[in-house]
$ cat final_26.pdb   # PDB, C-alpha atoms and all ligand atoms
ATOM      1  CA  MET N 916     -13.633 -12.393  19.193
ATOM      2  CA  LYS N 917     -17.414 -12.363  18.750
ATOM      3  CA  ARG N 918     -17.454 -15.930  20.053
ATOM      4  CA  LEU N 919     -15.250 -15.014  23.034
ATOM      5  CA  ILE N 920     -17.378 -11.996  23.978
ATOM      6  CA  CYS N 921     -20.561 -14.186  23.908
ATOM      7  CA  LEU N 922     -18.967 -16.813  26.130
ATOM      8  CA  VAL N 923     -17.777 -14.255  28.682
ATOM      9  CA  LEU N 924     -21.228 -12.648  28.812
ATOM     10  CA  THR N 925     -22.945 -16.015  29.275
ATOM     11  CA  LEU N 926     -20.619 -16.835  32.197
ATOM     12  CA  ILE N 927     -21.296 -13.448  33.785
ATOM     13  CA  LEU N 928     -25.037 -14.033  33.494
ATOM     14  CA  LEU N 929     -24.871 -17.607  34.840
ATOM     15  CA  THR N 930     -22.760 -16.618  37.839
ATOM     16  CA  GLY N 931     -24.793 -13.494  38.519
ATOM     17  CA  CYS N 932     -26.013 -14.946  41.927
ATOM     18  CA  GLY N 933     -29.548 -13.758  41.478
ATOM     19  CA  LYS N 934     -28.575 -10.205  40.666
ATOM     20  CA  THR N 935     -30.566  -8.532  37.892
ATOM     21  CA  ALA N 936     -28.924  -9.449  34.647
ATOM     22  CA  PRO N 937     -27.153  -6.445  33.166
ATOM     23  CA  GLU N 938     -28.201  -5.407  29.674
ATOM     24  CA  GLN N 939     -26.040  -7.135  27.143
ATOM     25  CA  PRO N 940     -23.759  -4.626  25.491
ATOM     26  CA  GLU N 941     -24.431  -4.259  21.804
ATOM     27  CA  GLU N 942     -20.759  -4.951  21.243
ATOM     28  CA  GLU N 943     -21.609  -8.626  21.654
ATOM     29  CA  ASN N 944     -22.863  -8.756  18.091
ATOM     30  CA  LEU N 945     -20.123  -6.756  16.439
ATOM     31  CA  ILE N 946     -17.922  -8.419  13.851
ATOM     32  CA  VAL N 947     -14.328  -7.554  14.718
ATOM     33  CA  VAL N 948     -12.154  -6.739  11.710
ATOM     34  CA  GLY N 949      -8.412  -6.118  11.940
ATOM     35  CA  ILE N 950      -7.135  -4.041   9.025
ATOM     36  CA  SER N 951      -3.443  -3.824   8.172
ATOM     37  CA  GLN N 952      -2.932  -0.921   5.780
ATOM     38  CA  VAL N 953       0.330  -0.264   3.892
ATOM     39  CA  GLY N 954       0.659   3.374   4.904
ATOM     40  CA  ALA N 955      -0.395   6.782   3.601
ATOM     41  CA  GLU N 956       2.085   7.158   0.754
ATOM     42  CA  SER N 957      -0.382   8.393  -1.849
ATOM     43  CA  ASP N 958      -3.740  10.124  -2.322
ATOM     44  CA  TRP N 959      -5.043   6.751  -3.483
ATOM     45  CA  ARG N 960      -3.990   5.094  -0.233
ATOM     46  CA  VAL N 961      -5.628   7.772   1.906
ATOM     47  CA  ALA N 962      -8.875   7.323  -0.060
ATOM     48  CA  ASN N 963      -8.608   3.558   0.345
ATOM     49  CA  SER N 964      -8.250   3.865   4.137
ATOM     50  CA  GLU N 965     -11.191   6.276   4.242
ATOM     51  CA  SER N 966     -13.286   3.800   2.284
ATOM     52  CA  MET N 967     -12.545   1.078   4.851
ATOM     53  CA  LYS N 968     -13.221   3.395   7.795
ATOM     54  CA  SER N 969     -16.548   4.491   6.368
ATOM     55  CA  VAL N 970     -17.757   0.895   6.015
ATOM     56  CA  PHE N 971     -16.447  -0.819   9.140
ATOM     57  CA  THR N 972     -18.357   1.211  11.716
ATOM     58  CA  GLU N 973     -20.263   0.156  14.823
ATOM     59  CA  SER N 974     -23.527   1.364  13.306
ATOM     60  CA  ARG N 975     -22.945  -1.121  10.502
ATOM     61  CA  GLY N 976     -22.204  -3.968  12.906
ATOM     62  CA  TYR N 977     -18.412  -3.864  12.978
ATOM     63  CA  ARG N 978     -15.601  -3.076  15.325
ATOM     64  CA  MET N 979     -12.542  -2.054  13.349
ATOM     65  CA  LEU N 980      -8.931  -2.295  14.508
ATOM     66  CA  PHE N 981      -6.846  -0.276  12.044
ATOM     67  CA  GLU N 982      -3.046  -0.464  11.803
ATOM     68  CA  ASP N 983      -0.959   1.748   9.503
ATOM     69  CA  ALA N 984       2.342   0.004   8.668
ATOM     70  CA  ARG N 985       4.095   3.170   7.446
ATOM     71  CA  GLN N 986       5.326   1.375   4.320
ATOM     72  CA  ILE N 987       7.206  -1.315   6.305
ATOM     73  CA  GLN N 988       6.216  -4.922   5.671
ATOM     74  CA  GLU N 989       7.555  -6.069   9.050
ATOM     75  CA  ASN N 990       5.044  -3.725  10.709
ATOM     76  CA  GLN N 991       2.275  -5.460   8.779
ATOM     77  CA  ILE N 992       3.427  -8.885   9.921
ATOM     78  CA  ILE N 993       3.482  -7.662  13.536
ATOM     79  CA  ALA N 994      -0.030  -6.194  13.104
ATOM     80  CA  VAL N 995      -1.418  -9.444  11.693
ATOM     81  CA  ARG N 996       0.093 -11.393  14.604
ATOM     82  CA  ARG N 997      -1.486  -8.920  17.035
ATOM     83  CA  PHE N 998      -4.878  -9.399  15.360
ATOM     84  CA  ILE N 999      -4.481 -13.167  15.745
ATOM     85  CA  GLN N1000      -3.724 -12.752  19.471
ATOM     86  CA  GLN N1001      -6.766 -10.500  19.798
ATOM     87  CA  ARG N1002      -8.856 -13.205  18.136
ATOM     88  CA  VAL N1003     -10.485 -10.896  15.615
ATOM     89  CA  ASP N1004     -13.161 -12.379  13.354
ATOM     90  CA  TYR N1005     -11.534 -11.277  10.071
ATOM     91  CA  ILE N1006      -8.185  -9.924   8.955
ATOM     92  CA  VAL N1007      -8.109  -7.481   6.053
ATOM     93  CA  LEU N1008      -4.624  -7.133   4.608
ATOM     94  CA  MET N1009      -3.351  -4.688   1.992
ATOM     95  CA  PRO N1010       0.042  -6.310   1.428
ATOM     96  CA  LEU N1011       2.979  -3.988   0.779
ATOM     97  CA  SER N1012       4.788  -6.472  -1.449
ATOM     98  CA  GLU N1013       3.915  -9.910  -2.753
ATOM     99  CA  THR N1014       6.434 -12.144  -0.992
ATOM    100  CA  GLY N1015       7.068 -13.048   2.637
ATOM    101  CA  TRP N1016       3.543 -13.869   3.761
ATOM    102  CA  ASP N1017       3.391 -17.686   3.966
ATOM    103  CA  SER N1018       4.153 -18.088   7.686
ATOM    104  CA  VAL N1019       1.931 -15.368   9.088
ATOM    105  CA  LEU N1020      -0.994 -16.332   6.851
ATOM    106  CA  GLN N1021      -0.556 -19.929   7.977
ATOM    107  CA  GLU N1022      -0.758 -18.684  11.581
ATOM    108  CA  ALA N1023      -4.017 -16.882  10.785
ATOM    109  CA  ARG N1024      -5.407 -20.002   9.169
ATOM    110  CA  ASP N1025      -4.369 -22.154  12.139
ATOM    111  CA  ALA N1026      -6.302 -19.702  14.346
ATOM    112  CA  GLY N1027      -9.355 -20.082  12.081
ATOM    113  CA  ILE N1028      -9.383 -16.397  11.040
ATOM    114  CA  PRO N1029     -10.249 -15.721   7.387
ATOM    115  CA  VAL N1030      -7.897 -13.284   5.660
ATOM    116  CA  ILE N1031      -9.209 -11.000   2.932
ATOM    117  CA  LEU N1032      -6.576  -9.436   0.707
ATOM    118  CA  VAL N1033      -7.347  -5.970  -0.532
ATOM    119  CA  ASP N1034      -5.731  -3.998  -3.363
ATOM    120  CA  ARG N1035      -2.491  -5.963  -3.926
ATOM    121  CA  MET N1036      -1.873  -9.702  -3.946
ATOM    122  CA  VAL N1037       0.461 -12.094  -2.154
ATOM    123  CA  ASP N1038       2.666 -14.694  -3.772
ATOM    124  CA  VAL N1039       2.078 -17.810  -1.650
ATOM    125  CA  GLU N1040       2.401 -21.516  -2.419
ATOM    126  CA  ASP N1041      -1.066 -22.284  -1.102
ATOM    127  CA  ASP N1042      -3.844 -19.931  -2.168
ATOM    128  CA  SER N1043      -6.178 -21.326   0.481
ATOM    129  CA  LEU N1044      -4.178 -19.179   2.944
ATOM    130  CA  TYR N1045      -6.499 -16.300   2.046
ATOM    131  CA  ALA N1046     -10.263 -16.404   1.695
ATOM    132  CA  ALA N1047     -10.597 -13.809  -1.046
ATOM    133  CA  HIS N1048      -8.888 -10.955  -2.865
ATOM    134  CA  VAL N1049     -10.579  -7.704  -3.817
ATOM    135  CA  GLY N1050      -8.670  -5.189  -5.933
ATOM    136  CA  SER N1051      -7.440  -4.068  -9.325
ATOM    137  CA  ASP N1052      -5.942  -5.844 -12.287
ATOM    138  CA  PHE N1053      -2.695  -3.875 -12.403
ATOM    139  CA  TYR N1054      -1.391  -5.580 -15.509
ATOM    140  CA  ALA N1055      -4.605  -4.672 -17.366
ATOM    141  CA  GLN N1056      -4.098  -1.074 -16.229
ATOM    142  CA  GLY N1057      -0.555  -1.148 -17.620
ATOM    143  CA  ARG N1058      -1.860  -2.567 -20.908
ATOM    144  CA  LYS N1059      -4.195   0.425 -21.238
ATOM    145  CA  ALA N1060      -1.230   2.783 -20.927
ATOM    146  CA  VAL N1061       0.870   0.777 -23.383
ATOM    147  CA  THR N1062      -1.977   0.744 -25.919
ATOM    148  CA  TRP N1063      -2.217   4.529 -25.562
ATOM    149  CA  ILE N1064       1.528   4.925 -26.283
ATOM    150  CA  GLU N1065       1.211   2.606 -29.299
ATOM    151  CA  ARG N1066      -1.608   4.711 -30.752
ATOM    152  CA  GLU N1067      -0.020   8.058 -29.945
ATOM    153  CA  TYR N1068       3.310   7.173 -31.569
ATOM    154  CA  CYS N1069       2.151   4.830 -34.335
ATOM    155  CA  MET N1070       3.463   7.203 -37.024
ATOM    156  CA  ARG N1071       6.814   7.787 -35.339
ATOM    157  CA  ALA N1072       9.653   6.204 -37.329
ATOM    158  CA  GLY N1073      12.394   7.311 -34.920
ATOM    159  CA  ALA N1074      12.833   6.557 -31.259
ATOM    160  CA  VAL N1075      10.084   6.971 -28.678
ATOM    161  CA  ASN N1076      12.059   7.942 -25.576
ATOM    162  CA  ILE N1077      10.531   6.741 -22.322
ATOM    163  CA  VAL N1078      11.397   7.471 -18.701
ATOM    164  CA  HIS N1079       9.852   4.916 -16.380
ATOM    165  CA  ILE N1080       9.182   5.741 -12.732
ATOM    166  CA  GLN N1081       8.379   2.623 -10.779
ATOM    167  CA  GLY N1082       6.282   2.107  -7.654
ATOM    168  CA  THR N1083       7.258   0.218  -4.504
ATOM    169  CA  PRO N1084       9.450  -2.673  -5.696
ATOM    170  CA  GLY N1085       7.792  -6.081  -5.463
ATOM    171  CA  SER N1086       4.267  -4.738  -4.965
ATOM    172  CA  THR N1087       1.575  -6.115  -7.261
ATOM    173  CA  ALA N1088       0.869  -2.617  -8.562
ATOM    174  CA  GLN N1089       4.520  -2.163  -9.549
ATOM    175  CA  LEU N1090       4.887  -5.667 -10.989
ATOM    176  CA  GLY N1091       1.747  -5.434 -13.150
ATOM    177  CA  ARG N1092       2.331  -1.920 -14.471
ATOM    178  CA  THR N1093       6.036  -2.534 -15.046
ATOM    179  CA  GLY N1094       5.317  -5.894 -16.703
ATOM    180  CA  ALA N1095       2.987  -4.312 -19.243
ATOM    181  CA  LEU N1096       5.482  -1.563 -20.107
ATOM    182  CA  GLU N1097       8.373  -4.005 -20.427
ATOM    183  CA  GLU N1098       6.305  -6.107 -22.834
ATOM    184  CA  GLY N1099       5.594  -2.953 -24.841
ATOM    185  CA  LEU N1100       9.307  -2.124 -24.931
ATOM    186  CA  ALA N1101      10.144  -5.623 -26.126
ATOM    187  CA  ALA N1102       7.476  -5.482 -28.839
ATOM    188  CA  HIS N1103       8.517  -2.109 -30.330
ATOM    189  CA  GLU N1104      12.042  -1.744 -31.606
ATOM    190  CA  ASN N1105      11.871   2.035 -31.597
ATOM    191  CA  TRP N1106      10.708   2.333 -27.974
ATOM    192  CA  ASN N1107      13.773   3.434 -26.082
ATOM    193  CA  LEU N1108      13.902   3.119 -22.297
ATOM    194  CA  LEU N1109      15.988   6.084 -21.151
ATOM    195  CA  ALA N1110      15.791   5.319 -17.448
ATOM    196  CA  GLN N1111      13.969   3.235 -14.861
ATOM    197  CA  LEU N1112      13.768   5.118 -11.562
ATOM    198  CA  ASP N1113      12.256   4.155  -8.200
ATOM    199  CA  GLY N1114       9.633   6.691  -7.076
ATOM    200  CA  ASP N1115       8.162   4.415  -4.364
ATOM    201  CA  PHE N1116       4.659   5.716  -5.213
ATOM    202  CA  THR N1117       5.444   9.064  -3.550
ATOM    203  CA  GLN N1118       5.577  12.599  -4.858
ATOM    204  CA  ALA N1119       8.620  13.613  -2.798
ATOM    205  CA  LYS N1120      10.814  10.703  -3.836
ATOM    206  CA  THR N1121       9.845  11.049  -7.480
ATOM    207  CA  TYR N1122      10.602  14.763  -7.465
ATOM    208  CA  GLU N1123      14.015  13.999  -6.002
ATOM    209  CA  VAL N1124      14.976  11.180  -8.397
ATOM    210  CA  MET N1125      13.572  13.015 -11.402
ATOM    211  CA  CYS N1126      15.502  16.224 -10.576
ATOM    212  CA  ARG N1127      18.699  14.232 -10.256
ATOM    213  CA  TYR N1128      18.011  12.419 -13.517
ATOM    214  CA  LEU N1129      17.173  15.577 -15.495
ATOM    215  CA  ASP N1130      20.243  17.383 -14.176
ATOM    216  CA  GLU N1131      22.449  14.663 -15.633
ATOM    217  CA  LEU N1132      20.582  14.351 -18.947
ATOM    218  CA  PRO N1133      22.504  15.600 -22.011
ATOM    219  CA  PRO N1134      20.686  18.745 -23.252
ATOM    220  CA  GLU N1135      20.075  17.247 -26.715
ATOM    221  CA  GLN N1136      18.282  14.176 -25.295
ATOM    222  CA  GLU N1137      14.522  14.372 -25.807
ATOM    223  CA  ILE N1138      11.957  12.700 -23.570
ATOM    224  CA  ASP N1139       8.632  11.707 -25.148
ATOM    225  CA  VAL N1140       6.893   9.821 -22.352
ATOM    226  CA  VAL N1141       7.228   9.729 -18.576
ATOM    227  CA  TYR N1142       5.405   6.577 -17.418
ATOM    228  CA  CYS N1143       4.642   7.146 -13.717
ATOM    229  CA  GLU N1144       3.220   4.206 -11.801
ATOM    230  CA  ASN N1145       0.826   6.405  -9.803
ATOM    231  CA  ASP N1146      -0.603   9.920  -9.611
ATOM    232  CA  ASN N1147       1.691  11.155  -6.870
ATOM    233  CA  GLU N1148       4.729  10.155  -8.893
ATOM    234  CA  ALA N1149       3.273  12.159 -11.776
ATOM    235  CA  PHE N1150       2.869  15.212  -9.514
ATOM    236  CA  GLY N1151       6.545  14.961  -8.498
ATOM    237  CA  ALA N1152       7.706  14.349 -12.071
ATOM    238  CA  ILE N1153       5.721  17.293 -13.473
ATOM    239  CA  GLU N1154       7.136  19.593 -10.813
ATOM    240  CA  ALA N1155      10.698  18.519 -11.698
ATOM    241  CA  LEU N1156      10.095  18.750 -15.460
ATOM    242  CA  GLU N1157       8.466  22.181 -15.298
ATOM    243  CA  LYS N1158      11.250  23.561 -13.097
ATOM    244  CA  ARG N1159      13.650  22.660 -15.891
ATOM    245  CA  GLY N1160      11.524  24.234 -18.606
ATOM    246  CA  TYR N1161       9.713  21.203 -20.058
ATOM    247  CA  ARG N1162       6.125  21.823 -21.129
ATOM    248  CA  CYS N1163       4.103  18.809 -20.004
ATOM    249  CA  GLY N1164       1.536  17.911 -22.631
ATOM    250  CA  ARG N1165       3.614  19.552 -25.391
ATOM    251  CA  ASP N1166       7.274  18.475 -25.107
ATOM    252  CA  VAL N1167       6.587  15.420 -22.999
ATOM    253  CA  ASN N1168       3.577  13.178 -22.302
ATOM    254  CA  VAL N1169       3.105  12.196 -18.659
ATOM    255  CA  ILE N1170       1.113   9.019 -17.998
ATOM    256  CA  CYS N1171      -0.100   7.981 -14.558
ATOM    257  CA  PHE N1172      -2.297   5.488 -12.696
ATOM    258  CA  ASP N1173      -5.027   6.067 -10.078
ATOM    259  CA  ALA N1174      -6.911   9.034 -11.624
ATOM    260  CA  THR N1175      -7.635  10.787  -8.349
ATOM    261  CA  ARG N1176      -9.305  14.215  -8.537
ATOM    262  CA  ASN N1177      -6.032  16.189  -8.570
ATOM    263  CA  ALA N1178      -4.672  14.078 -11.402
ATOM    264  CA  LEU N1179      -7.908  14.501 -13.354
ATOM    265  CA  LYS N1180      -7.584  18.284 -12.977
ATOM    266  CA  LEU N1181      -4.051  18.145 -14.443
ATOM    267  CA  CYS N1182      -5.345  15.864 -17.168
ATOM    268  CA  MET N1183      -8.065  18.352 -18.053
ATOM    269  CA  GLU N1184      -5.386  21.076 -18.206
ATOM    270  CA  GLY N1185      -3.390  18.857 -20.565
ATOM    271  CA  LYS N1186      -0.390  18.383 -18.250
ATOM    272  CA  ILE N1187      -1.182  14.695 -17.780
ATOM    273  CA  ALA N1188      -1.755  12.979 -21.105
ATOM    274  CA  LEU N1189      -3.368   9.814 -19.757
ATOM    275  CA  ALA N1190      -4.691   8.888 -16.302
ATOM    276  CA  VAL N1191      -5.550   5.210 -15.943
ATOM    277  CA  GLU N1192      -8.057   4.625 -13.189
ATOM    278  CA  CYS N1193      -7.283   2.527 -10.101
ATOM    279  CA  ASN N1194     -10.333   2.610  -7.863
ATOM    280  CA  PRO N1195      -9.548   2.838  -4.123
ATOM    281  CA  LEU N1196     -13.170   2.598  -2.953
ATOM    282  CA  LEU N1197     -12.927  -1.052  -2.023
ATOM    283  CA  GLY N1198     -14.578  -0.940   1.426
ATOM    284  CA  PRO N1199     -18.072  -1.936   0.207
ATOM    285  CA  LEU N1200     -16.666  -4.939  -1.683
ATOM    286  CA  VAL N1201     -14.800  -6.136   1.401
ATOM    287  CA  ASP N1202     -18.014  -5.701   3.407
ATOM    288  CA  ASP N1203     -19.905  -7.839   0.836
ATOM    289  CA  THR N1204     -17.195 -10.493   1.060
ATOM    290  CA  ILE N1205     -17.423 -10.651   4.864
ATOM    291  CA  GLN N1206     -21.212 -10.737   4.784
ATOM    292  CA  SER N1207     -21.198 -13.619   2.333
ATOM    293  CA  ILE N1208     -18.768 -15.584   4.546
ATOM    294  CA  GLU N1209     -21.011 -14.815   7.546
ATOM    295  CA  LYS N1210     -23.920 -16.378   5.654
ATOM    296  CA  GLY N1211     -21.886 -19.497   5.023
ATOM    297  CA  PHE N1212     -21.038 -18.893   1.367
ATOM    298  CA  THR N1213     -17.613 -19.254  -0.194
ATOM    299  CA  PRO N1214     -16.704 -15.869  -1.649
ATOM    300  CA  GLN N1215     -15.344 -15.366  -5.134
ATOM    301  CA  LYS N1216     -11.566 -15.848  -4.888
ATOM    302  CA  HIS N1217     -10.597 -12.764  -6.917
ATOM    303  CA  HIS N1218     -12.827  -9.787  -7.471
ATOM    304  CA  TYR N1219     -11.374  -7.227  -9.896
ATOM    305  CA  ILE N1220     -13.067  -3.858  -9.870
ATOM    306  CA  GLU N1221     -13.992  -2.209 -13.200
ATOM    307  CA  GLU N1222     -11.921   0.799 -14.157
ATOM    308  CA  GLN N1223     -11.691   3.438 -16.870
ATOM    309  CA  GLN N1224      -9.051   5.699 -18.383
ATOM    310  CA  PHE N1225      -9.060   9.438 -18.929
ATOM    311  CA  THR N1226      -7.535  11.917 -21.351
ATOM    312  CA  SER N1227      -8.454  15.548 -21.902
ATOM    313  CA  ARG N1228     -10.763  14.278 -24.659
ATOM    314  CA  ASN N1229     -13.154  12.257 -22.511
ATOM    315  CA  LEU N1230     -12.861  14.257 -19.267
ATOM    316  CA  THR N1231     -15.542  16.707 -18.211
ATOM    317  CA  GLN N1232     -15.792  19.099 -15.272
ATOM    318  CA  GLU N1233     -18.767  17.013 -14.138
ATOM    319  CA  ILE N1234     -16.595  13.902 -13.843
ATOM    320  CA  ILE N1235     -14.013  15.848 -11.820
ATOM    321  CA  ASP N1236     -16.627  17.398  -9.523
ATOM    322  CA  GLY N1237     -18.240  14.024  -8.939
ATOM    323  CA  ARG N1238     -14.966  12.324  -8.063
ATOM    324  CA  GLU N1239     -15.111  11.028  -4.501
ATOM    325  CA  TYR N1240     -11.325  10.835  -4.091
TER     326      TYR N1240
HETATM  327  O1  LIG A1301      -1.644  -0.646  -4.908
HETATM  328  C1  LIG A1301      -2.272   0.480  -5.396
HETATM  329  C2  LIG A1301      -1.267   1.563  -5.599
HETATM  330  O2  LIG A1301      -0.662   1.860  -4.366
HETATM  331  C3  LIG A1301      -1.813   2.875  -6.094
HETATM  332  O3  LIG A1301      -1.688   3.046  -7.459
HETATM  333  C4  LIG A1301      -0.877   3.820  -5.436
HETATM  334  O4  LIG A1301      -1.246   5.157  -5.515
HETATM  335  C5  LIG A1301      -0.727   3.235  -4.112
HETATM  336  O5  LIG A1301       0.202   3.763  -3.300
END

$ encode --input "final_26.pdb" --output "structure tokens"
Amino acid sequence: MKRLICLVLTLILLTGCGKTAPEQPEEENLIVVGISQVGAESDWRVANSESMKSVFTESRGYRMLFEDARQIQENQIIAVRRFIQQRVDYIVLMPLSETGWDSVLQEARDAGIPVILVDRMVDVEDDSLYAAHVGSDFYAQGRKAVTWIEREYCMRAGAVNIVHIQGTPGSTAQLGRTGALEEGLAAHENWNLLAQLDGDFTQAKTYEVMCRYLDELPPEQEIDVVYCENDNEAFGAIEALEKRGYRCGRDVNVICFDATRNALKLCMEGKIALAVECNPLLGPLVDDTIQSIEKGFTPQKHHYIEEQQFTSRNLTQEIIDGREY
């Protein structure tokens, strides 16, 4: 796009027939970035979009085209094709799920537009179809949660009863976090998976599936752990549990991923036992990646952001107050 704008301006100037050359619009130098975001399903996602919007501004040398796919992969494919037609300089893609990207990424490559994957990954035959990936190691996050369960229940001889609420099926975040838990289940004979429910990373859906599940649960059945694959699922699960008289933090341990401010508050109160961080503030890293490509460097293929984990033991009010998301 930058190239096209320059060419058009040069032609206008050359064919100006002696007229005073108009001032070149600053837009000429802007790097045009097309961003295809998954949606706004979670607090994490909203913070992630905000991070992108705060970085890709005109004052920082960018023109941003932002498309929200409303949790539908087909909408993302349409958005990427539109960016290709618009001849953007870069495409930033937060892929909903891992599969189904080969053709459209090939089209972007054929058009000479570098694609930067953000947050989740794609499962493609040829990894040269994307220039770089910036995000989290979701499996490592899941391992942190599994290690916490191992430590918490290391003295338990009987069953450790686990309800698992999954995120959007086929997304890297779901696959990594589920993979770690399933390995934990396979490695511990007394870990008992009571149910695996789809919460789709949203509070509303989790509340609904959890209510239905609890209503059908025999009264004598205990639940030790509810492993929610993001904060918003934990909010929905806690609401459902509390409505039915469970005391979160006493009868049942709720685990979640993201560690946004609202989850940290519940963690401090003891209602969330463990919040594993997933950092949404990826805009600056994507900016660095684009700037390094602009300078002619080959960016690091995968950049995993460092993340922590929180319990009521290591949380402070200062950490919560300083949380940007
Ligand atoms: O891919 C990151 C995950 O997606 C976050 O954990 C979740 O909140 C979001 O919707």

$ closest_atom_pairs --input "final_26.pdb" --of "stretch 946-1039 of chain N" --to "stretch 1069-1086 of chain N" --cutoff "7 Å" --atoms "only C-alpha atoms" --output "JSON lines"
{"residue": "N:Leu1011", "atom": "CA", "partner": "N:Ser1086", "partner_atom": "CA", "distance": 5.9}
{"residue": "N:Ser1012", "atom": "CA", "partner": "N:Ser1086", "partner_atom": "CA", "distance": 4.0}
{"residue": "N:Glu1013", "atom": "CA", "partner": "N:Ser1086", "partner_atom": "CA", "distance": 5.6}
{"residue": "N:Arg1035", "atom": "CA", "partner": "N:Ser1086", "partner_atom": "CA", "distance": 6.9}

$ axis_aligned_box --input "final_26.pdb" --around "ligand LIG 1301 (chain A)" --padding-each-side "4 Å" --output "lines of an AutoDock Vina configuration file"
center_x = -1.0
center_y = 2.3
center_z = -5.4
size_x = 10.5
size_y = 13.8
size_z = 12.2

$ residues_near_ligand --input "final_26.pdb" --ligand "ligand LIG 1301 (chain A)" --cutoff "6 Å" --atoms "all atoms listed in the file" --output "ChimeraX atom specification"
/N:956-957,959-960,1034-1035,1088,1116,1145,1172-1173

$ residues_around --input "final_26.pdb" --residues "stretch 1090-1094 of chain N" --least-positions-apart "2" --cutoff "6 Å" --atoms "all atoms listed in the file" --output "PyMOL selection string"
chain N and resi 1053-1054+1057+1087-1088+1096-1097

$ residues_around --input "final_26.pdb" --residues "N:Gln991" --least-positions-apart "4" --cutoff "8 Å" --atoms "all atoms listed in the file" --output "VMD selection string"
chain N and resid 951 to 953 982 to 984 987 995 1010

$ residues_near_point --input "final_26.pdb" --point "(3.1, -17.5, 0.6)" --cutoff "9 Å" --atoms "all atoms listed in the file" --output "list in words"
Glu1013, Thr1014, Gly1015, Trp1016, Asp1017, Ser1018, Val1019, Leu1020, Gln1021, Val1037, Asp1038, Val1039, Glu1040, Asp1041, Asp1042 and Leu1044 of chain N

$ decode --input "final_26.pdb" --residues "stretch 1189-1204 of chain N" --atoms "N, CA and C atoms" --output "mmCIF file, in the first residue's frame"
data_model
loop_
_atom_site.group_PDB
_atom_site.id
_atom_site.type_symbol
_atom_site.label_atom_id
_atom_site.label_comp_id
_atom_site.auth_asym_id
_atom_site.auth_seq_id
_atom_site.Cartn_x
_atom_site.Cartn_y
_atom_site.Cartn_z
ATOM 1 N N LEU N 1189 -5.851 -20.435 41.875
ATOM 2 C CA LEU N 1189 -4.651 -20.193 41.064
ATOM 3 C C LEU N 1189 -5.050 -19.462 39.784
ATOM 4 N N ALA N 1190 -4.342 -18.377 39.480
ATOM 5 C CA ALA N 1190 -4.547 -17.666 38.210
ATOM 6 C C ALA N 1190 -3.209 -17.682 37.472
ATOM 7 N N VAL N 1191 -3.188 -18.396 36.351
ATOM 8 C CA VAL N 1191 -1.955 -18.475 35.561
ATOM 9 C C VAL N 1191 -1.987 -17.351 34.531
ATOM 10 N N GLU N 1192 -0.922 -16.580 34.499
ATOM 11 C CA GLU N 1192 -0.923 -15.404 33.633
ATOM 12 C C GLU N 1192 -0.825 -15.749 32.147
ATOM 13 N N CYS N 1193 -1.602 -15.000 31.344
ATOM 14 C CA CYS N 1193 -1.492 -15.032 29.881
ATOM 15 C C CYS N 1193 -1.513 -13.563 29.500
ATOM 16 N N ASN N 1194 -0.402 -13.056 29.047
ATOM 17 C CA ASN N 1194 -0.255 -11.603 28.868
ATOM 18 C C ASN N 1194 -0.824 -11.150 27.513
ATOM 19 N N PRO N 1195 -1.844 -10.286 27.541
ATOM 20 C CA PRO N 1195 -2.433 -9.839 26.260
ATOM 21 C C PRO N 1195 -1.724 -8.632 25.632
ATOM 22 N N LEU N 1196 -0.777 -8.054 26.344
ATOM 23 C CA LEU N 1196 -0.177 -6.789 25.871
ATOM 24 C C LEU N 1196 0.910 -7.064 24.828
ATOM 25 N N LEU N 1197 0.453 -7.534 23.680
ATOM 26 C CA LEU N 1197 1.387 -8.002 22.656
ATOM 27 C C LEU N 1197 1.673 -6.954 21.576
ATOM 28 N N GLY N 1198 0.949 -5.839 21.615
ATOM 29 C CA GLY N 1198 1.128 -4.800 20.577
ATOM 30 C C GLY N 1198 2.580 -4.379 20.402
ATOM 31 N N PRO N 1199 3.291 -4.022 21.494
ATOM 32 C CA PRO N 1199 4.679 -3.573 21.328
ATOM 33 C C PRO N 1199 5.586 -4.629 20.678
ATOM 34 N N LEU N 1200 5.324 -5.902 20.961
ATOM 35 C CA LEU N 1200 6.162 -6.953 20.354
ATOM 36 C C LEU N 1200 5.887 -7.078 18.851
ATOM 37 N N VAL N 1201 4.628 -6.872 18.478
ATOM 38 C CA VAL N 1201 4.296 -6.933 17.046
ATOM 39 C C VAL N 1201 4.941 -5.733 16.339
ATOM 40 N N ASP N 1202 4.898 -4.581 17.002
ATOM 41 C CA ASP N 1202 5.539 -3.375 16.465
ATOM 42 C C ASP N 1202 7.035 -3.645 16.241
ATOM 43 N N ASP N 1203 7.708 -4.210 17.255
ATOM 44 C CA ASP N 1203 9.144 -4.532 17.114
ATOM 45 C C ASP N 1203 9.384 -5.451 15.921
ATOM 46 N N THR N 1204 8.493 -6.433 15.771
ATOM 47 C CA THR N 1204 8.654 -7.404 14.676
ATOM 48 C C THR N 1204 8.564 -6.680 13.325
#
